[in-house]
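As structure tokens, the structure follows; a few thoughts come after it.
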Amino acid sequence: MNERMNTTVIFDGIRFPGFIHTLESLKAASAFQFQDKDVLLVTFPKSGTTWMQQVLSLIFCEGHLWPIHHLPNWARVPWIEQVSFSQLVHELRSSWPRLFTSHLSAKVLAPALMKSKVKVVYVARNPKDTLVSYYHFHRIAGFMPDPSSFEDFVDEFLEGTGFFGSWFDHVKGWLGLQKDLNLLFVTYEELHQEPRRTIQKLSEFLERPLRPEEEDVILQHCSFSFMSQSNMVNYSLLSNEIMDQRKGKFLRKGHLPLLYQVLWGTGGNTLLLN
Ligand code: A3P
């Protein structure tokens, strides 16, 4: 077993899995030099990160689908805070703007982001589905601790003491930066309910106009059915030690409970702030 598999790194009071983070990689991310043309996707884990990585790749690939079929999501839109980033950043496609991902808090990343006009796409998912998805993820990911019980996991989530900190602080922190940054707030639920409209909203924000045929190609390749079969986004390239999908799939469900379609949907922003 990899010796870092069960380790934890604490950075700015928040716990991170030591298998993919070190103090150095986290510090480097907080001081990363963004360029104006960069695009940064930010999420709390389990909020639809992989889905939006796929959508962003598709928006910028201009119909050339080779990367969609041959490059894993973590190489196309790497996490700036992970250990692998120092290598992956040099392998990014030069024809696209640099696309990055992060789970870091607004407090940690704001100083670096304010030095540039980088476009930030923040994806939020309702807390109940995020929590359930996160619980199942802990069961399959070898680098996350096995939850003792669902009840304990709920307590930890509500207290914000688990890996990556508090969902509530994360979402509020990033929403609070809306006026200071070039930031688009998108919900998992709106992408689910109105995928074409959400992709059009993204295309406008990213200044990458799309023809209706291009939108069709994007919609097809970011569908749950396509993504769950694609090795490049379903994490099947990882060993069972890292992610044991015999216990449950990474792309687990792909549907939305009605309650949250009504309560959260595109009104999530307003709900949270009030
Ligand atoms: P579930 O565990 O509820 O199924 P992340 O990438 O941030 O870890 O989020 C993973 C969650 O996003 C999983 O939720 C996964 O199924 C969901 N997801 C990924 N791609 C999706 C898609 N194309 N459509 C709907 N949900 C998707």
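Naming works like this for the structure tokens: A, B, ... for the chains as they're shown, residue 1 at the start of each chain, ligands 1 onward in shown order.
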(message) Give me, as a ChimeraX atom specification, the set of residues whose atoms come within 10 Å of any atom of ligand 1, counting only C-alpha atoms and all ligand atoms.
(response) /A:42-55,73,103,123-125,128-137,188-189,191-193,195,219-228,233-234,248-256
Write the selection just made, keeping C-alpha atoms, as a short mmCIF file (atom, residue, chain, number, x, y, z; two decimals), in the first residue's frame?
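Listing of out.cif after writing:
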data_model
loop_
_atom_site.label_atom_id
_atom_site.label_comp_id
_atom_site.auth_asym_id
_atom_site.auth_seq_id
_atom_site.Cartn_x
_atom_site.Cartn_y
_atom_site.Cartn_z
CA VAL A 42 -14.12 25.70 -8.03
CA THR A 43 -16.31 23.27 -6.11
CA PHE A 44 -16.79 21.62 -2.78
CA PRO A 45 -16.18 17.88 -3.42
CA LYS A 46 -19.12 15.92 -4.84
CA SER A 47 -20.83 18.99 -6.27
CA GLY A 48 -20.41 18.02 -9.93
CA THR A 49 -16.70 18.77 -10.39
CA THR A 50 -16.07 16.02 -12.94
CA TRP A 51 -19.24 16.94 -14.82
CA MET A 52 -18.19 20.58 -15.16
CA GLN A 53 -14.62 19.54 -16.07
CA GLN A 54 -16.19 17.64 -18.95
CA VAL A 55 -18.42 20.57 -19.96
CA ASN A 73 -10.28 14.76 -16.65
CA HIS A 103 -11.54 22.61 -3.94
CA VAL A 123 -20.45 24.96 -9.06
CA ALA A 124 -22.61 24.32 -5.98
CA ARG A 125 -24.89 21.37 -5.28
CA LYS A 128 -28.22 16.93 1.11
CA ASP A 129 -27.15 15.35 -2.18
CA THR A 130 -23.56 16.54 -1.69
CA LEU A 131 -23.51 14.86 1.70
CA VAL A 132 -24.95 11.56 0.47
CA SER A 133 -22.59 11.50 -2.51
CA TYR A 134 -19.66 12.34 -0.21
CA TYR A 135 -20.62 9.51 2.15
CA HIS A 136 -20.54 6.97 -0.70
CA PHE A 137 -17.30 8.46 -2.00
CA TYR A 188 -25.50 21.21 -10.25
CA GLU A 189 -29.29 21.30 -10.31
CA LEU A 191 -27.11 21.94 -15.21
CA HIS A 192 -29.29 18.91 -14.60
CA GLN A 193 -32.64 20.55 -15.30
CA PRO A 195 -28.41 21.66 -19.57
CA LEU A 219 -24.84 17.79 -24.49
CA GLN A 220 -24.22 14.31 -25.81
CA HIS A 221 -20.72 14.01 -24.31
CA CYS A 222 -21.60 15.40 -20.88
CA SER A 223 -24.67 13.22 -20.42
CA PHE A 224 -24.69 10.83 -17.47
CA SER A 225 -25.00 7.87 -19.86
CA PHE A 226 -21.94 8.92 -21.88
CA MET A 227 -19.83 9.86 -18.89
CA SER A 228 -20.55 6.71 -16.91
CA VAL A 233 -14.19 10.60 -16.63
CA ASN A 234 -15.52 7.62 -14.66
CA GLY A 248 -20.08 1.44 -5.70
CA LYS A 249 -19.67 3.54 -8.82
CA PHE A 250 -18.13 7.02 -8.90
CA LEU A 251 -20.97 8.13 -11.19
CA ARG A 252 -23.58 6.75 -8.89
CA LYS A 253 -26.99 8.20 -9.52
CA GLY A 254 -27.40 11.05 -11.94
CA HIS A 255 -30.94 12.00 -11.05
CA LEU A 256 -32.43 14.76 -8.96
#
(message) Here is a test: counting only C-alpha atoms, which residue of A:Gly63, A:Pro127, A:Gly165, A:Gly160 is nearest to Glu213 in chain A?
(response)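 Of A:Gly63, A:Pro127, A:Gly165, A:Gly160, the one nearest Glu213 in chain A, counting only C-alpha atoms, is A:Gly63.
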(request) May I ask which of the residues A:Val83, A:Phe100, A:Ser57, A:Val108 is the closest one to Asp12 in chain A, counting only C-alpha atoms? (result)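 Counting only C-alpha atoms, the residue closest to Asp12 in chain A is A:Val108.
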(request) Run DSSP on the backbone and give me the residues of range 65-166 of chain A it puts in strand (DSSP E or B), as a VMD selection string. (result) chain A and resid 79 99 to 102 119 to 124 141 163
(message) Which residue is closest to Asp169 in chain A? Choose from A:Ala106, A:Ile80, A:Leu237, A:Met114 and count only C-alpha atoms.
(response) A:Ala106
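The space between CA of Glu159 in chain A and CA of Ile14 in chain A spans 12.3 Å.
For His70 in chain A, the non-local neighbours within 8 Å, defined as residues at least 3 positions apart in the same chain or in other chains and counting only C-alpha atoms, are A:Trp66, A:Pro67, A:Met232.
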Dump N, CA, C and O atoms for the selected residues as an mmCIF file, in the first residue's frame?
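Okay, again-v9.cif is ready:
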data_model
loop_
_atom_site.group_PDB
_atom_site.id
_atom_site.type_symbol
_atom_site.label_atom_id
_atom_site.label_comp_id
_atom_site.auth_asym_id
_atom_site.auth_seq_id
_atom_site.Cartn_x
_atom_site.Cartn_y
_atom_site.Cartn_z
ATOM 1 N N TRP A 66 -10.663 14.528 -29.583
ATOM 2 C CA TRP A 66 -9.563 13.644 -29.177
ATOM 3 C C TRP A 66 -9.309 13.706 -27.662
ATOM 4 O O TRP A 66 -9.267 12.647 -26.996
ATOM 5 N N PRO A 67 -9.184 14.896 -27.077
ATOM 6 C CA PRO A 67 -8.915 14.924 -25.620
ATOM 7 C C PRO A 67 -10.041 14.302 -24.802
ATOM 8 O O PRO A 67 -9.794 13.713 -23.746
ATOM 9 N N MET A 232 -12.360 8.043 -19.390
ATOM 10 C CA MET A 232 -11.648 9.311 -19.175
ATOM 11 C C MET A 232 -12.293 10.160 -18.072
ATOM 12 O O MET A 232 -11.709 11.120 -17.610
#
Name the residues in contact with range 15-27 of chain A at a cut-off of 8 Å, using only C-alpha atoms, excluding same-chain residues fewer than 2 positions from it; report them as a PDB file with N, CA, C and O atoms, in the first residue's frame.
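And here is the file that came out, selection_7.pdb:
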ATOM      1  N   ARG A   4       1.389   7.042   1.807  1.00  0.00           N
ATOM      2  CA  ARG A   4       0.645   8.287   2.070  1.00  0.00           C
ATOM      3  C   ARG A   4      -0.872   8.079   2.031  1.00  0.00           C
ATOM      4  O   ARG A   4      -1.648   8.999   2.264  1.00  0.00           O
ATOM      5  N   MET A   5      -1.303   6.831   1.747  1.00  0.00           N
ATOM      6  CA  MET A   5      -2.727   6.556   1.536  1.00  0.00           C
ATOM      7  C   MET A   5      -3.617   7.033   2.687  1.00  0.00           C
ATOM      8  O   MET A   5      -4.669   7.597   2.472  1.00  0.00           O
ATOM      9  N   ASN A   6      -3.183   6.796   3.923  1.00  0.00           N
ATOM     10  CA  ASN A   6      -4.044   7.136   5.067  1.00  0.00           C
ATOM     11  C   ASN A   6      -3.594   8.383   5.820  1.00  0.00           C
ATOM     12  O   ASN A   6      -3.930   8.572   6.982  1.00  0.00           O
ATOM     13  N   THR A   7      -2.833   9.247   5.146  1.00  0.00           N
ATOM     14  CA  THR A   7      -2.325  10.424   5.853  1.00  0.00           C
ATOM     15  C   THR A   7      -3.234  11.635   5.628  1.00  0.00           C
ATOM     16  O   THR A   7      -4.031  11.668   4.691  1.00  0.00           O
ATOM     17  N   THR A   8      -3.089  12.585   6.536  1.00  0.00           N
ATOM     18  CA  THR A   8      -3.889  13.820   6.464  1.00  0.00           C
ATOM     19  C   THR A   8      -2.952  15.017   6.519  1.00  0.00           C
ATOM     20  O   THR A   8      -1.970  15.002   7.257  1.00  0.00           O
ATOM     21  N   VAL A   9      -3.266  16.033   5.723  1.00  0.00           N
ATOM     22  CA  VAL A   9      -2.494  17.276   5.785  1.00  0.00           C
ATOM     23  C   VAL A   9      -3.454  18.365   6.237  1.00  0.00           C
ATOM     24  O   VAL A   9      -4.578  18.450   5.730  1.00  0.00           O
ATOM     25  N   ILE A  10      -3.017  19.186   7.196  1.00  0.00           N
ATOM     26  CA  ILE A  10      -3.886  20.289   7.640  1.00  0.00           C
ATOM     27  C   ILE A  10      -3.313  21.594   7.106  1.00  0.00           C
ATOM     28  O   ILE A  10      -2.128  21.900   7.295  1.00  0.00           O
ATOM     29  N   PHE A  11      -4.182  22.324   6.402  1.00  0.00           N
ATOM     30  CA  PHE A  11      -3.751  23.595   5.808  1.00  0.00           C
ATOM     31  C   PHE A  11      -4.837  24.636   6.065  1.00  0.00           C
ATOM     32  O   PHE A  11      -6.011  24.386   5.758  1.00  0.00           O
ATOM     33  N   GLY A  13      -6.261  25.314   8.707  1.00  0.00           N
ATOM     34  CA  GLY A  13      -7.276  24.746   9.601  1.00  0.00           C
ATOM     35  C   GLY A  13      -8.173  23.697   8.959  1.00  0.00           C
ATOM     36  O   GLY A  13      -9.104  23.212   9.595  1.00  0.00           O
ATOM     37  N   ALA A  29      -0.368  26.238  -4.400  1.00  0.00           N
ATOM     38  CA  ALA A  29      -1.656  26.600  -5.015  1.00  0.00           C
ATOM     39  C   ALA A  29      -2.122  27.974  -4.535  1.00  0.00           C
ATOM     40  O   ALA A  29      -2.632  28.780  -5.322  1.00  0.00           O
ATOM     41  N   SER A  30      -1.928  28.232  -3.242  1.00  0.00           N
ATOM     42  CA  SER A  30      -2.418  29.506  -2.707  1.00  0.00           C
ATOM     43  C   SER A  30      -1.638  30.697  -3.258  1.00  0.00           C
ATOM     44  O   SER A  30      -2.114  31.826  -3.213  1.00  0.00           O
ATOM     45  N   ALA A  31      -0.441  30.423  -3.799  1.00  0.00           N
ATOM     46  CA  ALA A  31       0.360  31.517  -4.356  1.00  0.00           C
ATOM     47  C   ALA A  31       0.476  31.387  -5.875  1.00  0.00           C
ATOM     48  O   ALA A  31       1.341  32.010  -6.492  1.00  0.00           O
ATOM     49  N   GLU A  81      -4.130  22.316  -6.406  1.00  0.00           N
ATOM     50  CA  GLU A  81      -3.570  22.035  -5.081  1.00  0.00           C
ATOM     51  C   GLU A  81      -3.015  20.618  -4.944  1.00  0.00           C
ATOM     52  O   GLU A  81      -2.470  20.268  -3.897  1.00  0.00           O
ATOM     53  N   GLN A  82      -3.189  19.805  -5.979  1.00  0.00           N
ATOM     54  CA  GLN A  82      -2.731  18.418  -5.834  1.00  0.00           C
ATOM     55  C   GLN A  82      -1.246  18.259  -6.204  1.00  0.00           C
ATOM     56  O   GLN A  82      -0.698  19.056  -6.976  1.00  0.00           O
ATOM     57  N   VAL A  83      -0.662  17.222  -5.663  1.00  0.00           N
ATOM     58  CA  VAL A  83       0.774  16.980  -5.851  1.00  0.00           C
ATOM     59  C   VAL A  83       1.129  16.854  -7.338  1.00  0.00           C
ATOM     60  O   VAL A  83       2.166  17.336  -7.789  1.00  0.00           O
ATOM     61  N   SER A  84       0.239  16.234  -8.109  1.00  0.00           N
ATOM     62  CA  SER A  84       0.520  15.989  -9.531  1.00  0.00           C
ATOM     63  C   SER A  84       0.522  17.270 -10.367  1.00  0.00           C
ATOM     64  O   SER A  84       0.945  17.260 -11.524  1.00  0.00           O
ATOM     65  N   PHE A 143      -8.190   6.681  -0.167  1.00  0.00           N
ATOM     66  CA  PHE A 143      -7.459   7.754   0.505  1.00  0.00           C
ATOM     67  C   PHE A 143      -8.361   8.602   1.407  1.00  0.00           C
ATOM     68  O   PHE A 143      -7.936   9.626   1.935  1.00  0.00           O
ATOM     69  N   MET A 144      -9.626   8.166   1.558  1.00  0.00           N
ATOM     70  CA  MET A 144     -10.537   8.848   2.483  1.00  0.00           C
ATOM     71  C   MET A 144     -10.872   7.842   3.590  1.00  0.00           C
ATOM     72  O   MET A 144     -10.991   6.647   3.320  1.00  0.00           O
ATOM     73  N   THR A 161     -16.063  19.415  10.011  1.00  0.00           N
ATOM     74  CA  THR A 161     -14.751  18.978  10.503  1.00  0.00           C
ATOM     75  C   THR A 161     -14.122  17.894   9.618  1.00  0.00           C
ATOM     76  O   THR A 161     -13.032  17.418   9.887  1.00  0.00           O
ATOM     77  N   GLY A 162     -14.811  17.512   8.564  1.00  0.00           N
ATOM     78  CA  GLY A 162     -14.302  16.458   7.685  1.00  0.00           C
ATOM     79  C   GLY A 162     -13.282  16.991   6.690  1.00  0.00           C
ATOM     80  O   GLY A 162     -12.880  18.165   6.751  1.00  0.00           O
ATOM     81  N   PHE A 163     -12.866  16.128   5.773  1.00  0.00           N
ATOM     82  CA  PHE A 163     -11.930  16.549   4.727  1.00  0.00           C
ATOM     83  C   PHE A 163     -12.540  17.671   3.891  1.00  0.00           C
ATOM     84  O   PHE A 163     -13.744  17.665   3.610  1.00  0.00           O
ATOM     85  N   PHE A 164     -11.728  18.637   3.553  1.00  0.00           N
ATOM     86  CA  PHE A 164     -12.093  19.809   2.752  1.00  0.00           C
ATOM     87  C   PHE A 164     -12.984  20.799   3.517  1.00  0.00           C
ATOM     88  O   PHE A 164     -13.493  21.745   2.936  1.00  0.00           O
ATOM     89  N   GLY A 165     -13.190  20.557   4.807  1.00  0.00           N
ATOM     90  CA  GLY A 165     -13.855  21.554   5.640  1.00  0.00           C
ATOM     91  C   GLY A 165     -15.361  21.606   5.487  1.00  0.00           C
ATOM     92  O   GLY A 165     -16.007  20.614   5.156  1.00  0.00           O
TER      93      GLY A 165
END
(request) Go through A:Leu210, A:Ala28, A:Leu58, A:Met243 one by one, measure the shortest atom-to-atom distance of each to Arg139 in chain A using only C-alpha atoms, and give the residue with the smallest value. (result) A:Met243
(request) Find the residues around Ile59 in chain A up to 8 Å (only C-alpha atoms counted), leave out those fewer than 3 positions away in its own chain, and share them as a list in words. (result) Val55, Leu56, Glu62, Ser203, Arg208, Leu210 and Ile218 of chain A
(message) With distances taken over only C-alpha atoms, which residue among A:Ala141, A:Gln178, A:Ser148, A:Gln33 lies nearest Arg246 in chain A?
(response) A:Ala141
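Going from CA of Asp216 in chain A to CA of Asn126 in chain A covers 26.9 Å.
With only C-alpha atoms taken into account, the protein and nucleic acid residues at most 9 Å from Leu202 in chain A (excluding it and anything under 4 positions from it in its own chain) are Leu56, Ile59, Val121, Leu184, Val186, Arg197, Thr198, Leu206, Glu207 and Arg208 of chain A.
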